[in-house]
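This is coords_17.cif. It holds mmCIF, C-alpha atoms and all ligand atoms.
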```
data_model
loop_
_atom_site.label_atom_id
_atom_site.label_comp_id
_atom_site.auth_asym_id
_atom_site.auth_seq_id
_atom_site.Cartn_x
_atom_site.Cartn_y
_atom_site.Cartn_z
CA MET M 1 68.95 31.62 -1.13
CA ALA M 2 65.41 31.58 -2.51
CA ARG M 3 63.49 28.32 -2.25
CA LYS M 4 62.93 26.74 -5.67
CA ILE M 5 59.35 25.82 -6.45
CA ILE M 6 57.27 24.50 -9.34
CA ILE M 7 53.60 25.50 -9.12
CA ASP M 8 51.09 23.07 -10.64
CA THR M 9 47.74 24.75 -11.07
CA ASP M 10 44.24 25.07 -12.57
CA PRO M 11 43.37 28.79 -12.31
CA GLY M 12 40.74 29.40 -10.84
CA GLN M 13 40.57 32.70 -8.89
CA ASP M 14 42.24 31.26 -5.77
CA ASP M 15 45.01 29.69 -7.86
CA ALA M 16 45.55 33.12 -9.42
CA VAL M 17 46.00 34.71 -5.99
CA ALA M 18 48.44 31.94 -5.03
CA ILE M 19 50.53 32.54 -8.15
CA LEU M 20 50.57 36.30 -7.50
CA LEU M 21 51.59 35.74 -3.88
CA ALA M 22 54.48 33.53 -5.01
CA LEU M 23 55.64 35.94 -7.70
CA ALA M 24 55.56 38.80 -5.19
CA SER M 25 57.78 36.95 -2.70
CA PRO M 26 61.59 37.10 -2.99
CA GLU M 27 61.97 34.07 -0.71
CA LEU M 28 60.65 31.93 -3.57
CA GLU M 29 62.09 31.22 -7.00
CA VAL M 30 59.30 30.08 -9.31
CA LEU M 31 61.20 27.79 -11.70
CA GLY M 32 58.13 27.19 -13.82
CA ILE M 33 54.36 26.74 -13.69
CA THR M 34 52.54 23.70 -15.05
CA ALA M 35 48.84 23.85 -15.83
CA VAL M 36 46.46 20.94 -15.34
CA ALA M 37 42.82 20.31 -16.19
CA GLY M 38 40.64 20.90 -13.13
CA ASN M 39 38.40 23.86 -12.33
CA ILE M 40 38.07 24.27 -16.08
CA PRO M 41 39.59 22.47 -19.08
CA LEU M 42 43.34 22.65 -19.77
CA LYS M 43 43.06 25.10 -22.66
CA LEU M 44 41.68 27.66 -20.21
CA THR M 45 43.94 26.82 -17.25
CA GLN M 46 47.12 27.27 -19.30
CA THR M 47 45.82 30.51 -20.80
CA ASN M 48 44.71 31.79 -17.40
CA THR M 49 48.11 30.95 -15.90
CA ARG M 50 49.76 33.17 -18.49
CA LYS M 51 47.21 35.95 -17.91
CA VAL M 52 48.05 35.88 -14.21
CA CYS M 53 51.81 36.03 -14.83
CA GLU M 54 51.18 39.12 -16.91
CA VAL M 55 49.16 40.70 -14.08
CA ALA M 56 52.36 40.28 -12.02
CA SER M 57 54.37 41.86 -14.89
CA ARG M 58 56.26 38.55 -15.23
CA PRO M 59 55.95 37.46 -18.88
CA ASP M 60 59.33 35.74 -18.45
CA VAL M 61 57.86 32.93 -16.30
CA LYS M 62 57.87 29.57 -18.09
CA VAL M 63 54.35 28.15 -18.34
CA TYR M 64 53.68 24.59 -19.52
CA ALA M 65 50.50 22.70 -20.34
CA GLY M 66 50.23 19.31 -18.66
CA ALA M 67 47.54 16.67 -18.48
CA VAL M 68 44.34 17.27 -20.37
CA ARG M 69 42.31 14.86 -18.21
CA PRO M 70 42.57 12.76 -15.04
CA MET M 71 44.39 9.41 -15.11
CA VAL M 72 41.32 7.14 -14.97
CA ARG M 73 38.07 9.01 -14.44
CA PRO M 74 36.46 11.58 -16.75
CA LEU M 75 37.21 15.23 -16.02
CA VAL M 76 34.87 17.02 -13.61
CA THR M 77 35.07 20.82 -13.72
CA ALA M 78 33.79 23.61 -11.44
CA GLU M 79 32.44 26.42 -13.61
CA HIS M 80 29.60 26.73 -11.10
CA VAL M 81 32.18 28.10 -8.65
CA HIS M 82 34.76 29.84 -10.84
CA GLY M 83 32.62 31.02 -13.77
CA ASP M 84 32.80 29.92 -17.40
CA ASN M 85 36.40 31.01 -18.00
CA GLY M 86 37.72 30.23 -14.53
CA LEU M 87 38.77 33.79 -13.80
CA ASN M 88 35.39 35.50 -13.88
CA GLY M 89 35.22 38.69 -11.83
CA ILE M 90 37.38 40.86 -14.05
CA GLU M 91 38.14 40.85 -17.76
CA LEU M 92 41.86 40.14 -18.28
CA PRO M 93 43.48 40.62 -21.70
CA GLU M 94 44.52 37.60 -23.77
CA PRO M 95 48.11 36.77 -22.83
CA VAL M 96 50.98 37.82 -25.07
CA MET M 97 53.62 35.64 -23.40
CA PRO M 98 54.10 32.21 -24.98
CA LEU M 99 53.11 28.78 -23.77
CA GLN M 100 56.22 26.56 -23.64
CA GLU M 101 56.25 23.71 -26.13
CA GLN M 102 57.42 21.03 -23.71
CA HIS M 103 54.72 18.97 -21.97
CA GLY M 104 54.28 19.94 -18.31
CA VAL M 105 54.95 16.40 -17.07
CA ASP M 106 58.25 16.25 -19.01
CA TYR M 107 59.18 19.66 -17.63
CA ILE M 108 58.63 18.49 -14.04
CA ILE M 109 60.78 15.39 -14.62
CA GLU M 110 63.54 17.25 -16.45
CA THR M 111 63.73 19.97 -13.82
CA LEU M 112 63.89 17.55 -10.90
CA MET M 113 66.62 15.50 -12.61
CA LYS M 114 68.61 18.62 -13.47
CA GLU M 115 68.40 20.65 -10.25
CA GLU M 116 70.37 19.58 -7.20
CA SER M 117 68.56 16.74 -5.44
CA GLY M 118 66.42 17.84 -2.49
CA THR M 119 66.16 21.48 -3.54
CA VAL M 120 62.89 21.65 -5.51
CA THR M 121 59.47 21.86 -3.84
CA LEU M 122 56.31 21.01 -5.79
CA CYS M 123 53.24 23.13 -5.08
CA PRO M 124 50.10 21.48 -6.52
CA LEU M 125 47.00 23.68 -6.40
CA GLY M 126 44.72 21.47 -8.51
CA PRO M 127 44.11 17.78 -9.24
CA LEU M 128 47.34 15.81 -8.82
CA THR M 129 47.43 14.37 -12.37
CA ASN M 130 50.67 16.00 -13.53
CA ILE M 131 52.53 15.13 -10.35
CA ALA M 132 51.38 11.49 -10.38
CA MET M 133 52.18 11.12 -14.08
CA ALA M 134 55.68 12.48 -13.49
CA LEU M 135 56.22 10.13 -10.52
CA THR M 136 54.97 7.20 -12.60
CA ARG M 137 56.96 7.98 -15.69
CA GLU M 138 60.24 8.65 -13.84
CA PRO M 139 60.14 7.14 -10.33
CA LYS M 140 63.68 8.42 -9.67
CA ILE M 141 62.28 11.91 -9.13
CA ALA M 142 60.61 10.82 -5.85
CA GLU M 143 63.82 10.92 -3.82
CA ARG M 144 64.89 14.19 -5.47
CA ILE M 145 61.78 16.20 -4.50
CA LYS M 146 62.33 18.29 -1.38
CA GLU M 147 58.66 18.34 -0.44
CA ILE M 148 55.17 18.39 -1.97
CA VAL M 149 53.07 21.13 -0.37
CA LEU M 150 49.54 20.80 -1.71
CA MET M 151 46.03 22.14 -1.32
CA GLY M 152 43.56 19.29 -1.15
CA GLY M 153 41.46 17.03 1.02
CA GLY M 154 39.53 17.58 4.21
CA TYR M 155 38.96 15.64 7.41
CA PHE M 156 37.07 17.61 10.06
CA GLU M 157 35.27 19.68 7.40
CA GLY M 158 34.35 16.76 5.14
CA GLY M 159 34.15 17.49 1.43
CA ASN M 160 33.10 20.36 -0.81
CA ILE M 161 32.28 18.61 -4.11
CA THR M 162 30.72 15.55 -2.47
CA PRO M 163 29.93 15.07 1.23
CA ALA M 164 33.15 13.05 1.51
CA ALA M 165 35.60 14.57 -0.96
CA GLU M 166 37.38 17.83 -1.65
CA PHE M 167 37.46 18.92 -5.31
CA ASN M 168 41.19 18.51 -6.15
CA ILE M 169 41.39 14.99 -4.75
CA TYR M 170 37.97 14.01 -6.11
CA VAL M 171 38.79 15.01 -9.69
CA ASP M 172 41.79 12.67 -9.85
CA PRO M 173 41.73 10.31 -6.86
CA HIS M 174 44.01 7.81 -8.61
CA ALA M 175 46.64 10.49 -9.06
CA ALA M 176 46.27 11.48 -5.41
CA ASP M 177 46.70 7.84 -4.43
CA VAL M 178 49.98 7.66 -6.36
CA VAL M 179 51.23 10.86 -4.71
CA PHE M 180 50.31 9.86 -1.15
CA LYS M 181 51.98 6.48 -1.64
CA SER M 182 55.13 7.97 -3.20
CA GLY M 183 57.19 8.31 -0.03
CA VAL M 184 57.85 12.00 -0.81
CA PRO M 185 57.42 14.28 2.24
CA ILE M 186 53.93 15.82 1.88
CA VAL M 187 52.32 18.82 3.55
CA VAL M 188 48.54 19.04 3.16
CA LEU M 189 46.57 22.28 3.34
CA PRO M 190 43.02 20.86 3.45
CA LEU M 191 39.57 22.40 3.75
CA ASP M 192 40.07 22.25 7.53
CA VAL M 193 42.50 25.15 7.08
CA THR M 194 41.05 26.97 4.11
CA HIS M 195 37.56 27.17 5.61
CA LYS M 196 39.12 29.35 8.34
CA VAL M 197 40.62 31.74 5.79
CA LEU M 198 37.58 33.79 4.81
CA THR M 199 37.58 36.64 2.30
CA THR M 200 35.58 39.01 4.51
CA GLU M 201 34.48 42.42 3.26
CA LYS M 202 37.10 44.10 5.45
CA ARG M 203 39.93 41.94 4.15
CA ILE M 204 39.00 42.51 0.50
CA ALA M 205 38.70 46.24 1.18
CA ALA M 206 42.26 46.22 2.58
CA ILE M 207 43.52 44.58 -0.63
CA ARG M 208 41.61 47.03 -2.82
CA ALA M 209 43.03 49.94 -0.78
CA ILE M 210 46.53 49.05 -2.03
CA ASN M 211 45.28 50.91 -5.07
CA THR M 212 47.32 49.21 -7.79
CA HIS M 213 46.10 47.29 -10.82
CA PRO M 214 47.20 43.85 -9.53
CA ALA M 215 45.45 44.54 -6.20
CA GLU M 216 42.28 45.61 -8.01
CA VAL M 217 42.42 42.38 -10.05
CA VAL M 218 42.71 40.29 -6.87
CA ALA M 219 39.87 42.15 -5.09
CA SER M 220 37.57 41.73 -8.11
CA LEU M 221 38.41 38.04 -8.58
CA LEU M 222 37.79 37.33 -4.90
CA GLU M 223 34.48 39.18 -4.87
CA PHE M 224 33.27 36.94 -7.69
CA PHE M 225 34.79 33.78 -6.17
CA GLU M 226 33.22 34.21 -2.72
CA ARG M 227 29.62 34.59 -3.89
CA PHE M 228 29.08 30.83 -4.32
CA ASP M 229 30.48 29.81 -0.92
CA GLU M 230 28.93 32.74 0.95
CA GLU M 231 25.57 31.42 -0.16
CA LYS M 232 26.53 27.82 0.60
CA TYR M 233 28.04 28.36 4.06
CA GLY M 234 26.21 31.55 5.09
CA THR M 235 29.46 33.35 5.97
CA ASP M 236 30.90 36.83 5.42
CA GLY M 237 33.35 35.92 2.68
CA GLY M 238 34.24 32.53 1.24
CA PRO M 239 37.18 30.23 1.94
CA LEU M 240 40.42 31.14 0.19
CA HIS M 241 42.14 27.85 -0.61
CA ASP M 242 45.25 27.73 -2.77
CA PRO M 243 47.25 30.74 -1.49
CA ASN M 244 47.68 28.84 1.78
CA VAL M 245 50.23 26.61 0.05
CA ILE M 246 52.41 29.60 -0.73
CA ALA M 247 51.79 31.27 2.64
CA TYR M 248 52.86 28.04 4.36
CA LEU M 249 56.19 28.18 2.51
CA LEU M 250 56.67 31.82 3.47
CA LYS M 251 55.49 31.65 7.09
CA PRO M 252 55.00 28.09 8.35
CA GLU M 253 54.54 29.50 11.86
CA LEU M 254 51.04 30.61 10.82
CA TYR M 255 50.02 26.94 10.56
CA SER M 256 49.83 23.90 12.81
CA GLY M 257 48.90 20.28 12.28
CA ARG M 258 49.93 16.72 12.85
CA HIS M 259 52.07 14.10 11.15
CA CYS M 260 49.75 11.24 10.29
CA ASN M 261 48.78 8.65 7.73
CA VAL M 262 46.61 9.81 4.86
CA GLU M 263 45.11 7.35 2.36
CA ILE M 264 42.87 8.10 -0.61
CA GLU M 265 39.59 6.33 -1.30
CA ILE M 266 39.62 5.07 -4.89
CA TYR M 267 37.09 2.23 -4.78
CA SER M 268 33.77 3.42 -3.39
CA GLU M 269 31.64 5.63 -5.65
CA LEU M 270 29.95 7.05 -2.54
CA THR M 271 33.16 8.28 -0.91
CA MET M 272 35.45 8.49 -3.97
CA GLY M 273 38.38 10.84 -3.35
CA GLU M 274 37.94 11.01 0.41
CA THR M 275 41.14 11.71 2.33
CA VAL M 276 41.13 9.06 5.05
CA VAL M 277 43.22 10.71 7.76
CA ASP M 278 44.45 8.70 10.73
CA TRP M 279 44.40 11.81 12.92
CA TRP M 280 44.04 9.84 16.15
CA GLY M 281 46.68 7.25 15.29
CA VAL M 282 44.33 4.29 15.46
CA THR M 283 46.30 2.31 12.86
CA ASP M 284 49.98 1.50 12.52
CA ARG M 285 50.02 2.76 8.94
CA THR M 286 53.05 4.87 8.02
CA LYS M 287 52.79 8.59 8.74
CA ASN M 288 53.09 9.92 5.20
CA ALA M 289 51.90 13.53 5.54
CA TYR M 290 51.89 16.62 7.71
CA PHE M 291 48.17 17.34 7.78
CA ILE M 292 47.45 20.92 8.78
CA ASN M 293 44.25 21.82 10.60
CA ASP M 294 44.82 25.30 12.01
CA VAL M 295 45.88 28.70 10.76
CA ASP M 296 46.30 32.28 11.95
CA ALA M 297 43.90 33.76 9.38
CA ASP M 298 44.65 37.41 10.25
CA GLY M 299 48.36 36.66 9.92
CA PHE M 300 47.67 35.09 6.53
CA PHE M 301 45.77 38.14 5.24
CA SER M 302 48.42 40.60 6.53
CA LEU M 303 51.05 38.60 4.65
CA LEU M 304 48.95 38.43 1.49
CA THR M 305 48.10 42.13 1.53
CA GLU M 306 51.67 43.17 2.24
CA ARG M 307 52.99 41.01 -0.61
CA LEU M 308 50.37 42.06 -3.17
CA ALA M 309 51.39 45.67 -2.53
CA ARG M 310 54.87 44.81 -3.84
CA LEU M 311 53.66 43.85 -7.33
CA PRO M 312 54.40 46.55 -9.88
CA ASN M 313 51.51 48.83 -10.80
CA TYR M 314 50.71 49.31 -14.48
C1 LIG D 401 40.16 23.59 -4.58
O1 LIG D 401 39.29 23.34 -5.67
C2 LIG D 401 39.36 24.40 -6.60
O2 LIG D 401 38.08 24.78 -6.98
C3 LIG D 401 40.14 25.51 -5.94
O3 LIG D 401 40.93 26.18 -6.91
C4 LIG D 401 41.00 24.80 -4.93
O4 LIG D 401 42.21 24.37 -5.49
C5 LIG D 401 39.33 23.75 -3.33
O5 LIG D 401 38.59 22.60 -3.08
CA CA D 402 43.01 25.16 -7.66
#
```
Could you render the structure from this file as structure tokens?
Ligand code: BDR
Ligand code: CA
Amino acid sequence: MARKIIIDTDPGQDDAVAILLALASPELEVLGITAVAGNIPLKLTQTNTRKVCEVASRPDVKVYAGAVRPMVRPLVTAEHVHGDNGLNGIELPEPVMPLQEQHGVDYIIETLMKEESGTVTLCPLGPLTNIAMALTREPKIAERIKEIVLMGGGYFEGGNITPAAEFNIYVDPHAADVVFKSGVPIVVLPLDVTHKVLTTEKRIAAIRAINTHPAEVVASLLEFFERFDEEKYGTDGGPLHDPNVIAYLLKPELYSGRHCNVEIEIYSELTMGETVVDWWGVTDRTKNAYFINDVDADGFFSLLTERLARLPNY
């Protein structure tokens, strides 16, 4: 039976690739997708989510708009990375499929209360606002969530938006704090993993060679997305973040890490949003997350390329 997931996202080119990977994979049943403010404001993330579903020829997917801003701090966006509409790199048509009327946070709660307990996995690819709001508004959902598999944080690699913090956690550290204290089993795909998953010229060429419209969209989005990080890190290709969440669900054997305690810095302006990882077990704090630090990057790209080739051409 397919694994039921809810994707929570702020597309973003790498979010888009994650959504396409999920929709191309029969092992996963995407119950719905909730958009959150992050890389760009909510109006654009919900629209972009629908554009991406249409690239996958899946206008039937239910897309919801969630939180318009973080719980406490003002919204910080990342147009400098993703471009002014979040999906710069290729012009996608305005979506025809509707946005659902229900609020994304209500949708998450309703779905978790309705589906059999322990069967729904949450896949956050952006700031954790929607997830934290749902956990706060209906705490009963915590014990019903199978797992939260998220992209965020960094330990060995430090941060990408500040020296200490990764973007998703930095934008809503208070939400991240709620999530990491929730008691729900958490798997973290941090920068320590995603910085090993580089969109090299050869890998993008392999995606483009699939020679379908969805593959062309992905290749063009990634070529735009990588330019900022190539310059920053001096690498061939930039890190591909969010699709690791989906790839982990499909092939966990590509990844390895450690169960440890992860706490979120919410007090210091200097290190706001830092993921404080007790990798070496120097405290007796509860191990609340499986923190991944290694990946078979070639295995990841073979999986991604093989799956993208399954999306219908149009
Ligand atoms: C994360 O921040 C966003 O810019 C990306 O979409 C990804 O989710 C990486 O730090
Ligand atoms: Ca994202």
Point-to-point distance from CA of Met133 (chain M) to CA of Glu116 (chain M), Å rounded to tenths: 21.2 Å
Find the residues near Leu99 (chain M): any atom within 12 Å, counting only C-alpha atoms, skip ones fewer than 3 places away on the same chain, and give them as a ChimeraX atom specification. /M:32-35,43,45-51,53,59-66,95-96,102-104
What is the distance between CA of Glu201 (chain M) and CA of Ala309 (chain M), in Å to one decimal?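 We find that CA of Glu201 (chain M) and CA of Ala309 (chain M) lie 18.2 Å from each other.
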Please identify the residues whose atoms come within 9 Å of ligand CA 402 (chain D), using all atoms listed in the file, and report them as a list in words.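 Using all atoms listed in the file, everything at most 9 Å from ligand CA 402 (chain D) comes to Asp8, Thr9, Asp10, Pro11, Gly12, Gln13, Asp14, Asp15, Ala16, Gly38, Asn39, Pro124, Leu125, Gly126, Pro127, Met151, Gly152, Phe167, Asn168, His241 and Asp242 of chain M.
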Could you check the closest approach to ligand LIG 401 (chain D) for each of M:Ser25, M:Gln100, M:Thr136, M:Thr162 and tell me which residue wins, using all atoms listed in the file? M:Thr162
Spatial neighbours of Ala18 (chain M), max dist 8 Å, all atoms listed in the file, sep filter under 6 positions, as a list in words: Asp242, Pro243, Asn244, Val245 and Ile246 of chain M
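Near Ser268 (chain M), within 12 Å and counting only C-alpha atoms, sit M:Ala164, M:Ala165, M:Tyr170, M:Pro173, M:Gly273, M:Glu274; same-chain residues fewer than 5 positions away were not included.
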Between CA of Ile131 (chain M) and CA of Ala2 (chain M) lies a distance of 22.3 Å
Pick from M:Ala219, M:Glu147, M:Thr194, M:Ile207 nearest to Val179 (chain M), counting all atoms listed in the file: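 So, comparing all the options, the nearest one is M:Glu147.
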I need the residue nearest Leu150 (chain M) from this list: M:Pro163, M:Gly118, M:Pro190, M:Gly281. Use only C-alpha atoms for the distance.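 The closest residue to Leu150 (chain M) is M:Pro190.
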List as a PyMOL selection string the protein and nucleic acid residues near region 214-218 of chain M, meaning an atom at most 10 Å away when all atoms listed in the file are counted, but skip any in the same chain fewer than 2 places from it. chain M and resi 13-14+16-17+20+52+54-57+89-92+204-212+220-223+305+308-314
Store the residues of this selection in a file with C-alpha atoms, as a short mmCIF file (atom, residue, chain, number, x, y, z; two decimals), keeping the file's coordinate frame.
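Generated file (out22.cif):
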```
data_model
loop_
_atom_site.label_atom_id
_atom_site.label_comp_id
_atom_site.auth_asym_id
_atom_site.auth_seq_id
_atom_site.Cartn_x
_atom_site.Cartn_y
_atom_site.Cartn_z
CA GLN M 13 40.57 32.70 -8.89
CA ASP M 14 42.24 31.26 -5.77
CA ALA M 16 45.55 33.12 -9.42
CA VAL M 17 46.00 34.71 -5.99
CA LEU M 20 50.57 36.30 -7.50
CA VAL M 52 48.05 35.88 -14.21
CA GLU M 54 51.18 39.12 -16.91
CA VAL M 55 49.16 40.70 -14.08
CA ALA M 56 52.36 40.28 -12.02
CA SER M 57 54.37 41.86 -14.89
CA GLY M 89 35.22 38.69 -11.83
CA ILE M 90 37.38 40.86 -14.05
CA GLU M 91 38.14 40.85 -17.76
CA LEU M 92 41.86 40.14 -18.28
CA ILE M 204 39.00 42.51 0.50
CA ALA M 205 38.70 46.24 1.18
CA ALA M 206 42.26 46.22 2.58
CA ILE M 207 43.52 44.58 -0.63
CA ARG M 208 41.61 47.03 -2.82
CA ALA M 209 43.03 49.94 -0.78
CA ILE M 210 46.53 49.05 -2.03
CA ASN M 211 45.28 50.91 -5.07
CA THR M 212 47.32 49.21 -7.79
CA SER M 220 37.57 41.73 -8.11
CA LEU M 221 38.41 38.04 -8.58
CA LEU M 222 37.79 37.33 -4.90
CA GLU M 223 34.48 39.18 -4.87
CA THR M 305 48.10 42.13 1.53
CA LEU M 308 50.37 42.06 -3.17
CA ALA M 309 51.39 45.67 -2.53
CA ARG M 310 54.87 44.81 -3.84
CA LEU M 311 53.66 43.85 -7.33
CA PRO M 312 54.40 46.55 -9.88
CA ASN M 313 51.51 48.83 -10.80
CA TYR M 314 50.71 49.31 -14.48
#
```
Compile the contact shell of Met71 (chain M) as a ChimeraX atom specification: residues with an atom at most 10 Å away, counting all atoms listed in the file, same-chain residues fewer than 2 positions apart removed. /M:67-69,73-75,128-130,132-133,171-175
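Distance annotation: of M:Leu87, M:Gly153, M:Leu23, M:Ile5, the residue with the minimal separation from Leu112 (chain M) is M:Ile5; atom set is all atoms listed in the file.
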Which residue is closest to ligand LIG 401 (chain D)? Choose from M:Trp279, M:Phe291, M:Phe300, M:Phe228 and count all atoms listed in the file.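 Checking each candidate against ligand LIG 401 (chain D), we get M:Phe228 as the closest.
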Counting only C-alpha atoms, which residues sit no farther than 10 Å from the position (55.9, 33.7, 6.4) in the file's frame? I'd like them as a PyMOL selection string. chain M and resi 25+27+246-255+299-300+303-304
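Among the candidates M:Met1, M:Lys114, M:Leu122, M:Glu226, the one nearest to ligand LIG 401 (chain D) when counting all atoms listed in the file is M:Glu226.
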Around the point (65.4, 21.2, -4.7), in the coordinates given by the file, pick out the residues reaching within 8 Å, counting all atoms listed in the file, and return them as a CSV table (one decimal) with C-alpha atoms, keeping the file's coordinate frame.
```
chain,number,residue,atom,x,y,z
M,3,ARG,CA,63.5,28.3,-2.2
M,4,LYS,CA,62.9,26.7,-5.7
M,5,ILE,CA,59.4,25.8,-6.4
M,112,LEU,CA,63.9,17.6,-10.9
M,115,GLU,CA,68.4,20.6,-10.2
M,116,GLU,CA,70.4,19.6,-7.2
M,117,SER,CA,68.6,16.7,-5.4
M,118,GLY,CA,66.4,17.8,-2.5
M,119,THR,CA,66.2,21.5,-3.5
M,120,VAL,CA,62.9,21.6,-5.5
M,121,THR,CA,59.5,21.9,-3.8
M,144,ARG,CA,64.9,14.2,-5.5
M,145,ILE,CA,61.8,16.2,-4.5
M,146,LYS,CA,62.3,18.3,-1.4
```
Ligand LIG 401 (chain D): axis-aligned bounding box, 5 Å on each side, centre and edge lengths in Å, one decimal, as lines of an AutoDock Vina configuration file:
```
center_x = 40.1
center_y = 24.4
center_z = -5.0
size_x = 14.1
size_y = 13.6
size_z = 13.9
```
Please complete region 130-137 of chain M so it has all heavy atoms, and hand it over as a short mmCIF file (atom, residue, chain, number, x, y, z; two decimals), in the coordinates of the input.
```
data_model
loop_
_atom_site.label_atom_id
_atom_site.label_comp_id
_atom_site.auth_asym_id
_atom_site.auth_seq_id
_atom_site.Cartn_x
_atom_site.Cartn_y
_atom_site.Cartn_z
N ASN M 130 49.31 15.79 -13.00
CA ASN M 130 50.67 16.00 -13.53
C ASN M 130 51.74 15.42 -12.60
O ASN M 130 52.73 14.84 -13.06
CB ASN M 130 50.96 17.51 -13.68
CG ASN M 130 50.20 18.13 -14.85
OD1 ASN M 130 49.76 17.41 -15.75
ND2 ASN M 130 50.04 19.43 -14.82
N ILE M 131 51.53 15.58 -11.32
CA ILE M 131 52.53 15.13 -10.35
C ILE M 131 52.59 13.59 -10.36
O ILE M 131 53.67 12.99 -10.38
CB ILE M 131 52.17 15.62 -8.92
CG1 ILE M 131 51.81 17.12 -8.92
CG2 ILE M 131 53.29 15.30 -7.93
CD1 ILE M 131 52.88 18.05 -9.36
N ALA M 132 51.42 12.96 -10.38
CA ALA M 132 51.38 11.49 -10.38
C ALA M 132 51.95 10.93 -11.68
O ALA M 132 52.65 9.92 -11.67
CB ALA M 132 49.94 11.01 -10.19
N MET M 133 51.64 11.59 -12.79
CA MET M 133 52.18 11.12 -14.08
C MET M 133 53.70 11.23 -14.08
O MET M 133 54.39 10.33 -14.58
CB MET M 133 51.63 11.98 -15.23
CG MET M 133 50.14 11.97 -15.33
SD MET M 133 49.54 10.80 -16.53
CE MET M 133 50.02 11.60 -18.02
N ALA M 134 54.23 12.31 -13.54
CA ALA M 134 55.68 12.48 -13.49
C ALA M 134 56.31 11.40 -12.60
O ALA M 134 57.31 10.78 -12.97
CB ALA M 134 56.04 13.88 -12.97
N LEU M 135 55.69 11.14 -11.45
CA LEU M 135 56.22 10.13 -10.52
C LEU M 135 56.15 8.74 -11.14
O LEU M 135 56.98 7.87 -10.87
CB LEU M 135 55.41 10.14 -9.22
CG LEU M 135 55.72 11.28 -8.24
CD1 LEU M 135 54.60 11.42 -7.22
CD2 LEU M 135 57.06 11.03 -7.54
N THR M 136 55.14 8.51 -11.98
CA THR M 136 54.97 7.20 -12.60
C THR M 136 55.95 7.01 -13.76
O THR M 136 56.55 5.95 -13.93
CB THR M 136 53.52 7.06 -13.12
OG1 THR M 136 52.63 7.37 -12.05
CG2 THR M 136 53.23 5.66 -13.62
N ARG M 137 56.11 8.08 -14.51
CA ARG M 137 56.96 7.98 -15.69
C ARG M 137 58.45 7.92 -15.32
O ARG M 137 59.23 7.25 -15.98
CB ARG M 137 56.68 9.21 -16.56
CG ARG M 137 57.41 9.21 -17.83
CD ARG M 137 56.58 9.80 -18.91
NE ARG M 137 57.44 10.11 -20.02
CZ ARG M 137 57.19 11.01 -20.92
NH1 ARG M 137 56.08 11.70 -20.85
NH2 ARG M 137 58.02 11.22 -21.90
#
```
